[in-house]
Each structure stands twice: as structure tokens, then as C-alpha cells.
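> Mind looking over this structure? Questions follow.
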Amino acid sequence: ADRPGVVFLRTTREKTPVLYAPEQRFPIGGSVVLRRSERDAATIVAAGITLHEALRAQQQLAGEGIAARVIDAYSIKPIDAATLRQAAGETGRIVTVEDHWPEGGLGEAVLAALATGEPVPQVRLLGVKAMPGSGTPEELLDAAGISARHIAHAVRELVGAPSPTGAGRH
């Protein structure tokens with residue numbers, strides 16, 4: 001990105017599916033709505049590795065009859081406030097998921113974008129809340145409460161849907 005000042009770009013992670021074509025542009029301050037339907041009951045906002053967990057959660061929820069929008073918030077500062085406000089207005093519920101401490105991250109950026117004086121939707125912030133231990137990436141995501149299982153559970157709670165056996169937090 002051609003931008004003065006400090007930027008953060010993560011370049012390493014576990015092998016994940018390719019989501020974008022090589023020519024895809026990512027303007028600073030933008031986002032990409034990856035999943036959307038007219039029936040969306042909630043919006044999941046994620047970035048980086050948690051985006052793949054969000055997409056897995058969306059597929060799981062779809063199998064249960066719960067439609068969820070998924071937004072790739074690839075730019076957090078500045079964040080795409082217009083897209084977030086539109087999603088909030090259309091779905092009324094937002095779950096943010098990030099792979100670090102929630103303070104000063106994606107969740108707080110989303111909350112700030114929604115603080116316009118208009119009614120705020122139900123919001124659930126998922127993030128790392130304790131020092132992680134050792135394990136596989138999948139085990140660490142689950143232990144931190146930011147795996148697809150936990151994202152789907154948070155959406156179910158917000159929409160008032162029952163959890164399938166074994167799908168919630170343990």
C-alpha cells in the first residue's frame with residue numbers, strides 16, 4: 001500500500017484456501033463482503049486467519065438454516081464504516097472475531113464505526129482473552145474462543161437459535 005506512516009502487514013500463517021484472484025485490489029479503508037443473502041440474520045466481521053474461521057462458521061450455520069453475512073475487514077484503520085453500518089442496519093447483529101487481544105483491535109474499530117447516534121445492533125466481540133499456550137493452530141484458535149465453532153455459537157446466541165449438541169463452549 002502506498003501510504004505514509006506505520007502499517008501492519010502479516011505475511012505468515014498456516015496454509016489456507018485462496019480467496020481472491022491475484023489482480024484483486026485492496027484499497028486502504030475498504031472491505032469485501034464475501035457472503036451475503038437477503039435472509040442474513042447476523043454479520044460476522046473478521047480479518048486474516050479468523051476470516052477463514054468465519055467462513056467455516058457461516059457454512060455450518062447455513063446448514064442449520066441460519067443465514068449470516070461475512071465481511072473481510074482487511075483494513076482496520078481506517079475501517080470501512082459505510083459497509084459496516086449497512087450490514088448492521090440490515091442484519092441487526094454483528095459478531096467480530098480477531099486473533100489477538102480485543103482491546104484496540106477490530107472489535108473496537110467496528111464499535112467506533114457504529115457509534116453514530118443511531119441505534120446500535122447487538123454486538124459480540126470475540127478475541128483472545130488469555131495468554132495462549134502451546135498447540136496446533138486449530139487447538140489454539142479453539143482454546144482462545146475464536147474458532148468456527150465459537151463463532152457459530154456466538155451467532156446462534158444472538159439470533160436465539162439452539163446450539164446443536166456439542167457446538168457451544170466447553
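For the C-alpha cells, the naming scheme is as follows: chains receive sequential letters (A, B, ...) according to their order of presentation, residues are indexed from 1 within each chain, and ligands are indexed from 1 in presentation order.
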Name all residues at most 7 Å from range 48-62 of chain A (count only C-alpha atoms; drop same-chain ones fewer than 4 positions away) and give them as a list in words.

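My list of contacting residues is Ile44, Ile66, Ala67, Ala68, Val70, Asp72, Val97, Glu98, Asp99, Ser147, Ala148, Arg149, Ile151 and Ala152 of chain A.
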
> Need the shell around Val123 in chain A: protein/DNA/RNA residues with any atom at most 9 Å away, counting only C-alpha atoms. Skip same-chain ones fewer than 6 positions apart. Format as a PDB file with C-alpha atoms, in the first residue's frame?


ATOM      1  CA  GLY A  92     -29.179  -6.093  13.375  1.00  0.00           C
ATOM      2  CA  ARG A  93     -26.451  -8.318  14.849  1.00  0.00           C
ATOM      3  CA  ILE A  94     -22.663  -8.291  14.490  1.00  0.00           C
ATOM      4  CA  VAL A  95     -20.027 -10.746  15.688  1.00  0.00           C
ATOM      5  CA  THR A  96     -16.410  -9.627  15.351  1.00  0.00           C
ATOM      6  CA  GLY A 107     -13.962  -5.201  17.528  1.00  0.00           C
ATOM      7  CA  LEU A 111     -17.931  -0.368  17.615  1.00  0.00           C
ATOM      8  CA  LEU A 158     -27.536 -13.525  19.201  1.00  0.00           C
TER       9      LEU A 158
END

> Report, in Å to a single decimal, how far apart CA of Pro102 in chain A and CA of Ala144 in chain A are.

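CA of Pro102 in chain A lies 11.5 Å from CA of Ala144 in chain A.
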
> What's the separation between CA of Gly89 in chain A and CA of Arg124 in chain A, in Å to one decimal place?

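A separation of 15.6 Å between them.
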
> Can you pull out every residue from chain A that DSSP, working from the backbone, puts in strand (DSSP E or B), and format the result as a PyMOL selection string?

chain A and resi 32-35+42-46+68-72+76+79+93-97+122-126

> Create the file for the chosen residues now, containing N, CA and C atoms and written as an mmCIF file, in the first residue's frame.


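As a result, again_24.cif now contains:
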data_model
loop_
_atom_site.group_PDB
_atom_site.id
_atom_site.type_symbol
_atom_site.label_atom_id
_atom_site.label_comp_id
_atom_site.auth_asym_id
_atom_site.auth_seq_id
_atom_site.Cartn_x
_atom_site.Cartn_y
_atom_site.Cartn_z
ATOM 1 N N VAL A 32 -14.404 -6.337 1.994
ATOM 2 C CA VAL A 32 -15.058 -7.161 0.980
ATOM 3 C C VAL A 32 -16.153 -7.977 1.661
ATOM 4 N N VAL A 33 -17.366 -7.883 1.147
ATOM 5 C CA VAL A 33 -18.454 -8.734 1.631
ATOM 6 C C VAL A 33 -18.342 -10.047 0.866
ATOM 7 N N LEU A 34 -17.945 -11.106 1.575
ATOM 8 C CA LEU A 34 -17.709 -12.400 0.930
ATOM 9 C C LEU A 34 -18.951 -13.275 0.864
ATOM 10 N N ARG A 35 -19.841 -13.167 1.818
ATOM 11 C CA ARG A 35 -21.084 -13.943 1.833
ATOM 12 C C ARG A 35 -22.207 -12.985 2.189
ATOM 13 N N ALA A 42 -27.416 -12.185 10.861
ATOM 14 C CA ALA A 42 -26.279 -11.629 11.592
ATOM 15 C C ALA A 42 -25.146 -11.389 10.609
ATOM 16 N N THR A 43 -24.198 -10.567 11.036
ATOM 17 C CA THR A 43 -22.998 -10.294 10.248
ATOM 18 C C THR A 43 -21.789 -10.729 11.053
ATOM 19 N N ILE A 44 -20.884 -11.451 10.408
ATOM 20 C CA ILE A 44 -19.612 -11.836 11.019
ATOM 21 C C ILE A 44 -18.536 -10.994 10.353
ATOM 22 N N VAL A 45 -17.762 -10.267 11.165
ATOM 23 C CA VAL A 45 -16.690 -9.417 10.657
ATOM 24 C C VAL A 45 -15.371 -9.996 11.144
ATOM 25 N N ALA A 46 -14.479 -10.281 10.209
ATOM 26 C CA ALA A 46 -13.199 -10.891 10.557
ATOM 27 C C ALA A 46 -12.132 -10.412 9.586
ATOM 28 N N ALA A 68 -25.918 -15.981 7.491
ATOM 29 C CA ALA A 68 -25.017 -14.994 8.084
ATOM 30 C C ALA A 68 -24.172 -14.351 6.996
ATOM 31 N N ARG A 69 -24.042 -13.054 7.084
ATOM 32 C CA ARG A 69 -23.171 -12.296 6.180
ATOM 33 C C ARG A 69 -21.739 -12.392 6.713
ATOM 34 N N VAL A 70 -20.757 -12.402 5.822
ATOM 35 C CA VAL A 70 -19.349 -12.414 6.235
ATOM 36 C C VAL A 70 -18.632 -11.269 5.539
ATOM 37 N N ILE A 71 -17.986 -10.426 6.344
ATOM 38 C CA ILE A 71 -17.231 -9.289 5.825
ATOM 39 C C ILE A 71 -15.759 -9.471 6.153
ATOM 40 N N ASP A 72 -14.914 -9.353 5.134
ATOM 41 C CA ASP A 72 -13.463 -9.335 5.309
ATOM 42 C C ASP A 72 -13.064 -7.887 5.562
ATOM 43 N N ILE A 76 -8.308 -2.146 8.886
ATOM 44 C CA ILE A 76 -8.917 -1.870 10.189
ATOM 45 C C ILE A 76 -8.813 -0.392 10.557
ATOM 46 N N ILE A 79 -11.280 1.937 8.932
ATOM 47 C CA ILE A 79 -12.196 0.819 8.682
ATOM 48 C C ILE A 79 -13.310 1.283 7.740
ATOM 49 N N ARG A 93 -27.338 -7.584 13.935
ATOM 50 C CA ARG A 93 -26.451 -8.318 14.849
ATOM 51 C C ARG A 93 -25.080 -8.441 14.203
ATOM 52 N N ILE A 94 -24.033 -8.183 15.001
ATOM 53 C CA ILE A 94 -22.663 -8.291 14.490
ATOM 54 C C ILE A 94 -21.816 -9.083 15.467
ATOM 55 N N VAL A 95 -21.045 -10.020 14.926
ATOM 56 C CA VAL A 95 -20.027 -10.746 15.688
ATOM 57 C C VAL A 95 -18.692 -10.399 15.051
ATOM 58 N N THR A 96 -17.762 -9.859 15.853
ATOM 59 C CA THR A 96 -16.410 -9.627 15.351
ATOM 60 C C THR A 96 -15.509 -10.708 15.924
ATOM 61 N N VAL A 97 -14.521 -11.091 15.138
ATOM 62 C CA VAL A 97 -13.591 -12.129 15.593
ATOM 63 C C VAL A 97 -12.183 -11.736 15.168
ATOM 64 N N GLN A 122 -27.046 -5.499 18.138
ATOM 65 C CA GLN A 122 -26.409 -6.386 19.106
ATOM 66 C C GLN A 122 -25.021 -6.712 18.572
ATOM 67 N N VAL A 123 -24.005 -6.604 19.437
ATOM 68 C CA VAL A 123 -22.627 -6.854 19.019
ATOM 69 C C VAL A 123 -21.973 -7.803 20.006
ATOM 70 N N ARG A 124 -21.252 -8.766 19.479
ATOM 71 C CA ARG A 124 -20.464 -9.695 20.296
ATOM 72 C C ARG A 124 -19.036 -9.643 19.777
ATOM 73 N N LEU A 125 -18.077 -9.369 20.672
ATOM 74 C CA LEU A 125 -16.665 -9.304 20.303
ATOM 75 C C LEU A 125 -15.969 -10.581 20.736
ATOM 76 N N LEU A 126 -15.399 -11.306 19.783
ATOM 77 C CA LEU A 126 -14.614 -12.495 20.087
ATOM 78 C C LEU A 126 -13.148 -12.168 19.853
#

> Determine which residues of chain A DSSP labels as alpha helix (DSSP H) from the backbone of this structure, then write them out as a PDB file with N, CA and C atoms, in the first residue's frame.


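Once written, out36.pdb looks like this:
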ATOM      1  N   ILE A  49      -6.498 -14.731   9.443  1.00  0.00           N
ATOM      2  CA  ILE A  49      -6.782 -16.151   9.678  1.00  0.00           C
ATOM      3  C   ILE A  49      -8.192 -16.358  10.225  1.00  0.00           C
ATOM      4  N   THR A  50      -8.702 -15.407  10.988  1.00  0.00           N
ATOM      5  CA  THR A  50     -10.050 -15.582  11.530  1.00  0.00           C
ATOM      6  C   THR A  50     -11.118 -15.474  10.447  1.00  0.00           C
ATOM      7  N   LEU A  51     -10.774 -14.884   9.312  1.00  0.00           N
ATOM      8  CA  LEU A  51     -11.726 -14.834   8.204  1.00  0.00           C
ATOM      9  C   LEU A  51     -12.064 -16.243   7.731  1.00  0.00           C
ATOM     10  N   HIS A  52     -11.077 -17.109   7.680  1.00  0.00           N
ATOM     11  CA  HIS A  52     -11.324 -18.492   7.258  1.00  0.00           C
ATOM     12  C   HIS A  52     -12.210 -19.218   8.271  1.00  0.00           C
ATOM     13  N   GLU A  53     -12.015 -18.924   9.553  1.00  0.00           N
ATOM     14  CA  GLU A  53     -12.888 -19.491  10.587  1.00  0.00           C
ATOM     15  C   GLU A  53     -14.304 -18.945  10.431  1.00  0.00           C
ATOM     16  N   ALA A  54     -14.427 -17.658  10.116  1.00  0.00           N
ATOM     17  CA  ALA A  54     -15.748 -17.047   9.911  1.00  0.00           C
ATOM     18  C   ALA A  54     -16.476 -17.700   8.743  1.00  0.00           C
ATOM     19  N   LEU A  55     -15.756 -17.984   7.673  1.00  0.00           N
ATOM     20  CA  LEU A  55     -16.379 -18.638   6.516  1.00  0.00           C
ATOM     21  C   LEU A  55     -16.817 -20.057   6.855  1.00  0.00           C
ATOM     22  N   ARG A  56     -16.017 -20.757   7.648  1.00  0.00           N
ATOM     23  CA  ARG A  56     -16.409 -22.103   8.086  1.00  0.00           C
ATOM     24  C   ARG A  56     -17.652 -22.029   8.971  1.00  0.00           C
ATOM     25  N   ALA A  57     -17.692 -21.042   9.866  1.00  0.00           N
ATOM     26  CA  ALA A  57     -18.864 -20.870  10.736  1.00  0.00           C
ATOM     27  C   ALA A  57     -20.100 -20.551   9.908  1.00  0.00           C
ATOM     28  N   GLN A  58     -19.943 -19.706   8.898  1.00  0.00           N
ATOM     29  CA  GLN A  58     -21.069 -19.349   8.035  1.00  0.00           C
ATOM     30  C   GLN A  58     -21.623 -20.579   7.337  1.00  0.00           C
ATOM     31  N   GLN A  59     -20.751 -21.448   6.863  1.00  0.00           N
ATOM     32  CA  GLN A  59     -21.206 -22.679   6.203  1.00  0.00           C
ATOM     33  C   GLN A  59     -21.938 -23.584   7.190  1.00  0.00           C
ATOM     34  N   GLN A  60     -21.390 -23.689   8.396  1.00  0.00           N
ATOM     35  CA  GLN A  60     -22.027 -24.511   9.426  1.00  0.00           C
ATOM     36  C   GLN A  60     -23.413 -23.964   9.753  1.00  0.00           C
ATOM     37  N   LEU A  61     -23.505 -22.653   9.941  1.00  0.00           N
ATOM     38  CA  LEU A  61     -24.791 -22.029  10.257  1.00  0.00           C
ATOM     39  C   LEU A  61     -25.787 -22.196   9.108  1.00  0.00           C
ATOM     40  N   ALA A  62     -25.318 -22.066   7.879  1.00  0.00           N
ATOM     41  CA  ALA A  62     -26.203 -22.242   6.720  1.00  0.00           C
ATOM     42  C   ALA A  62     -26.815 -23.635   6.722  1.00  0.00           C
ATOM     43  N   GLY A  63     -26.034 -24.633   7.129  1.00  0.00           N
ATOM     44  CA  GLY A  63     -26.542 -25.994   7.223  1.00  0.00           C
ATOM     45  C   GLY A  63     -27.619 -26.147   8.282  1.00  0.00           C
ATOM     46  N   ALA A  81     -16.473   2.006   7.428  1.00  0.00           N
ATOM     47  CA  ALA A  81     -17.640   2.275   8.272  1.00  0.00           C
ATOM     48  C   ALA A  81     -18.949   2.164   7.499  1.00  0.00           C
ATOM     49  N   ALA A  82     -18.973   2.592   6.256  1.00  0.00           N
ATOM     50  CA  ALA A  82     -20.225   2.555   5.483  1.00  0.00           C
ATOM     51  C   ALA A  82     -20.729   1.130   5.298  1.00  0.00           C
ATOM     52  N   THR A  83     -19.835   0.211   4.955  1.00  0.00           N
ATOM     53  CA  THR A  83     -20.243  -1.190   4.774  1.00  0.00           C
ATOM     54  C   THR A  83     -20.703  -1.790   6.095  1.00  0.00           C
ATOM     55  N   LEU A  84     -20.011  -1.467   7.183  1.00  0.00           N
ATOM     56  CA  LEU A  84     -20.393  -1.994   8.496  1.00  0.00           C
ATOM     57  C   LEU A  84     -21.748  -1.453   8.935  1.00  0.00           C
ATOM     58  N   ARG A  85     -21.980  -0.170   8.722  1.00  0.00           N
ATOM     59  CA  ARG A  85     -23.274   0.416   9.101  1.00  0.00           C
ATOM     60  C   ARG A  85     -24.412  -0.186   8.279  1.00  0.00           C
ATOM     61  N   GLN A  86     -24.160  -0.417   6.997  1.00  0.00           N
ATOM     62  CA  GLN A  86     -25.184  -1.041   6.160  1.00  0.00           C
ATOM     63  C   GLN A  86     -25.493  -2.444   6.669  1.00  0.00           C
ATOM     64  N   ALA A  87     -24.462  -3.221   6.965  1.00  0.00           N
ATOM     65  CA  ALA A  87     -24.669  -4.584   7.474  1.00  0.00           C
ATOM     66  C   ALA A  87     -25.401  -4.551   8.807  1.00  0.00           C
ATOM     67  N   ALA A  88     -25.031  -3.624   9.673  1.00  0.00           N
ATOM     68  CA  ALA A  88     -25.692  -3.510  10.974  1.00  0.00           C
ATOM     69  C   ALA A  88     -27.169  -3.192  10.802  1.00  0.00           C
ATOM     70  N   GLY A  89     -27.474  -2.289   9.884  1.00  0.00           N
ATOM     71  CA  GLY A  89     -28.863  -1.935   9.635  1.00  0.00           C
ATOM     72  C   GLY A  89     -29.668  -3.073   9.034  1.00  0.00           C
ATOM     73  N   GLU A  90     -29.029  -3.866   8.190  1.00  0.00           N
ATOM     74  CA  GLU A  90     -29.739  -4.945   7.510  1.00  0.00           C
ATOM     75  C   GLU A  90     -29.855  -6.217   8.342  1.00  0.00           C
ATOM     76  N   THR A  91     -28.861  -6.508   9.181  1.00  0.00           N
ATOM     77  CA  THR A  91     -28.916  -7.760   9.950  1.00  0.00           C
ATOM     78  C   THR A  91     -29.224  -7.544  11.430  1.00  0.00           C
ATOM     79  N   LEU A 106      -9.960  -4.987  16.011  1.00  0.00           N
ATOM     80  CA  LEU A 106     -11.067  -4.978  15.063  1.00  0.00           C
ATOM     81  C   LEU A 106     -12.406  -4.696  15.743  1.00  0.00           C
ATOM     82  N   GLY A 107     -12.679  -5.379  16.846  1.00  0.00           N
ATOM     83  CA  GLY A 107     -13.962  -5.201  17.528  1.00  0.00           C
ATOM     84  C   GLY A 107     -14.207  -3.767  17.948  1.00  0.00           C
ATOM     85  N   GLU A 108     -13.195  -3.143  18.534  1.00  0.00           N
ATOM     86  CA  GLU A 108     -13.358  -1.750  18.955  1.00  0.00           C
ATOM     87  C   GLU A 108     -13.475  -0.816  17.755  1.00  0.00           C
ATOM     88  N   ALA A 109     -12.793  -1.131  16.660  1.00  0.00           N
ATOM     89  CA  ALA A 109     -12.920  -0.319  15.443  1.00  0.00           C
ATOM     90  C   ALA A 109     -14.345  -0.415  14.890  1.00  0.00           C
ATOM     91  N   VAL A 110     -14.922  -1.608  14.928  1.00  0.00           N
ATOM     92  CA  VAL A 110     -16.307  -1.787  14.471  1.00  0.00           C
ATOM     93  C   VAL A 110     -17.258  -1.012  15.378  1.00  0.00           C
ATOM     94  N   LEU A 111     -17.070  -1.113  16.690  1.00  0.00           N
ATOM     95  CA  LEU A 111     -17.931  -0.368  17.615  1.00  0.00           C
ATOM     96  C   LEU A 111     -17.845   1.132  17.361  1.00  0.00           C
ATOM     97  N   ALA A 112     -16.638   1.641  17.138  1.00  0.00           N
ATOM     98  CA  ALA A 112     -16.468   3.069  16.862  1.00  0.00           C
ATOM     99  C   ALA A 112     -17.181   3.459  15.569  1.00  0.00           C
ATOM    100  N   ALA A 113     -17.124   2.603  14.560  1.00  0.00           N
ATOM    101  CA  ALA A 113     -17.790   2.890  13.286  1.00  0.00           C
ATOM    102  C   ALA A 113     -19.306   2.935  13.446  1.00  0.00           C
ATOM    103  N   LEU A 114     -19.825   2.176  14.397  1.00  0.00           N
ATOM    104  CA  LEU A 114     -21.276   2.114  14.610  1.00  0.00           C
ATOM    105  C   LEU A 114     -21.780   3.196  15.559  1.00  0.00           C
ATOM    106  N   PRO A 137      -2.337 -24.858  15.451  1.00  0.00           N
ATOM    107  CA  PRO A 137      -3.120 -23.645  15.203  1.00  0.00           C
ATOM    108  C   PRO A 137      -4.616 -23.850  15.465  1.00  0.00           C
ATOM    109  N   GLU A 138      -5.149 -25.003  15.064  1.00  0.00           N
ATOM    110  CA  GLU A 138      -6.572 -25.275  15.288  1.00  0.00           C
ATOM    111  C   GLU A 138      -6.892 -25.341  16.777  1.00  0.00           C
ATOM    112  N   GLU A 139      -6.021 -25.989  17.552  1.00  0.00           N
ATOM    113  CA  GLU A 139      -6.239 -26.088  19.001  1.00  0.00           C
ATOM    114  C   GLU A 139      -6.172 -24.715  19.655  1.00  0.00           C
ATOM    115  N   LEU A 140      -5.249 -23.873  19.206  1.00  0.00           N
ATOM    116  CA  LEU A 140      -5.109 -22.544  19.797  1.00  0.00           C
ATOM    117  C   LEU A 140      -6.300 -21.647  19.454  1.00  0.00           C
ATOM    118  N   LEU A 141      -6.789 -21.723  18.216  1.00  0.00           N
ATOM    119  CA  LEU A 141      -7.979 -20.952  17.851  1.00  0.00           C
ATOM    120  C   LEU A 141      -9.174 -21.369  18.701  1.00  0.00           C
ATOM    121  N   ASP A 142      -9.329 -22.666  18.904  1.00  0.00           N
ATOM    122  CA  ASP A 142     -10.445 -23.163  19.699  1.00  0.00           C
ATOM    123  C   ASP A 142     -10.287 -22.781  21.168  1.00  0.00           C
ATOM    124  N   ALA A 143      -9.076 -22.932  21.709  1.00  0.00           N
ATOM    125  CA  ALA A 143      -8.839 -22.587  23.117  1.00  0.00           C
ATOM    126  C   ALA A 143      -9.071 -21.099  23.375  1.00  0.00           C
ATOM    127  N   ALA A 148     -14.226 -21.556  14.358  1.00  0.00           N
ATOM    128  CA  ALA A 148     -15.532 -21.577  13.688  1.00  0.00           C
ATOM    129  C   ALA A 148     -16.628 -22.016  14.648  1.00  0.00           C
ATOM    130  N   ARG A 149     -16.326 -22.980  15.490  1.00  0.00           N
ATOM    131  CA  ARG A 149     -17.308 -23.478  16.460  1.00  0.00           C
ATOM    132  C   ARG A 149     -17.785 -22.356  17.381  1.00  0.00           C
ATOM    133  N   HIS A 150     -16.851 -21.547  17.867  1.00  0.00           N
ATOM    134  CA  HIS A 150     -17.208 -20.464  18.782  1.00  0.00           C
ATOM    135  C   HIS A 150     -17.916 -19.314  18.061  1.00  0.00           C
ATOM    136  N   ILE A 151     -17.506 -19.049  16.838  1.00  0.00           N
ATOM    137  CA  ILE A 151     -18.171 -18.003  16.054  1.00  0.00           C
ATOM    138  C   ILE A 151     -19.625 -18.393  15.807  1.00  0.00           C
ATOM    139  N   ALA A 152     -19.844 -19.625  15.377  1.00  0.00           N
ATOM    140  CA  ALA A 152     -21.212 -20.102  15.133  1.00  0.00           C
ATOM    141  C   ALA A 152     -22.036 -20.047  16.419  1.00  0.00           C
ATOM    142  N   HIS A 153     -21.426 -20.405  17.539  1.00  0.00           N
ATOM    143  CA  HIS A 153     -22.120 -20.365  18.828  1.00  0.00           C
ATOM    144  C   HIS A 153     -22.547 -18.930  19.162  1.00  0.00           C
ATOM    145  N   ALA A 154     -21.651 -17.956  18.939  1.00  0.00           N
ATOM    146  CA  ALA A 154     -21.977 -16.556  19.225  1.00  0.00           C
ATOM    147  C   ALA A 154     -23.131 -16.078  18.350  1.00  0.00           C
ATOM    148  N   VAL A 155     -23.126 -16.455  17.083  1.00  0.00           N
ATOM    149  CA  VAL A 155     -24.230 -16.073  16.189  1.00  0.00           C
ATOM    150  C   VAL A 155     -25.528 -16.708  16.670  1.00  0.00           C
ATOM    151  N   ARG A 156     -25.482 -17.997  17.000  1.00  0.00           N
ATOM    152  CA  ARG A 156     -26.695 -18.671  17.489  1.00  0.00           C
ATOM    153  C   ARG A 156     -27.252 -17.964  18.717  1.00  0.00           C
ATOM    154  N   GLU A 157     -26.373 -17.582  19.650  1.00  0.00           N
ATOM    155  CA  GLU A 157     -26.835 -16.879  20.857  1.00  0.00           C
ATOM    156  C   GLU A 157     -27.526 -15.568  20.493  1.00  0.00           C
ATOM    157  N   LEU A 158     -26.948 -14.812  19.574  1.00  0.00           N
ATOM    158  CA  LEU A 158     -27.536 -13.525  19.201  1.00  0.00           C
ATOM    159  C   LEU A 158     -28.881 -13.677  18.506  1.00  0.00           C
ATOM    160  N   VAL A 159     -29.028 -14.715  17.693  1.00  0.00           N
ATOM    161  CA  VAL A 159     -30.295 -14.890  16.970  1.00  0.00           C
ATOM    162  C   VAL A 159     -31.297 -15.730  17.754  1.00  0.00           C
TER     163      VAL A 159
END

> Please measure the separation of CA of Gly135 in chain A and CA of His100 in chain A, giving the value in Å to one decimal.

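Computing the Euclidean distance for CA of Gly135 in chain A and CA of His100 in chain A yields 16.1 Å.
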
> Find the residue from A:Glu118, A:Ser134, A:Ser75, A:Gly145 that sits nearest to Arg25 in chain A; use only C-alpha atoms when measuring.

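Of all the options, A:Ser75 lies closest to Arg25 in chain A.
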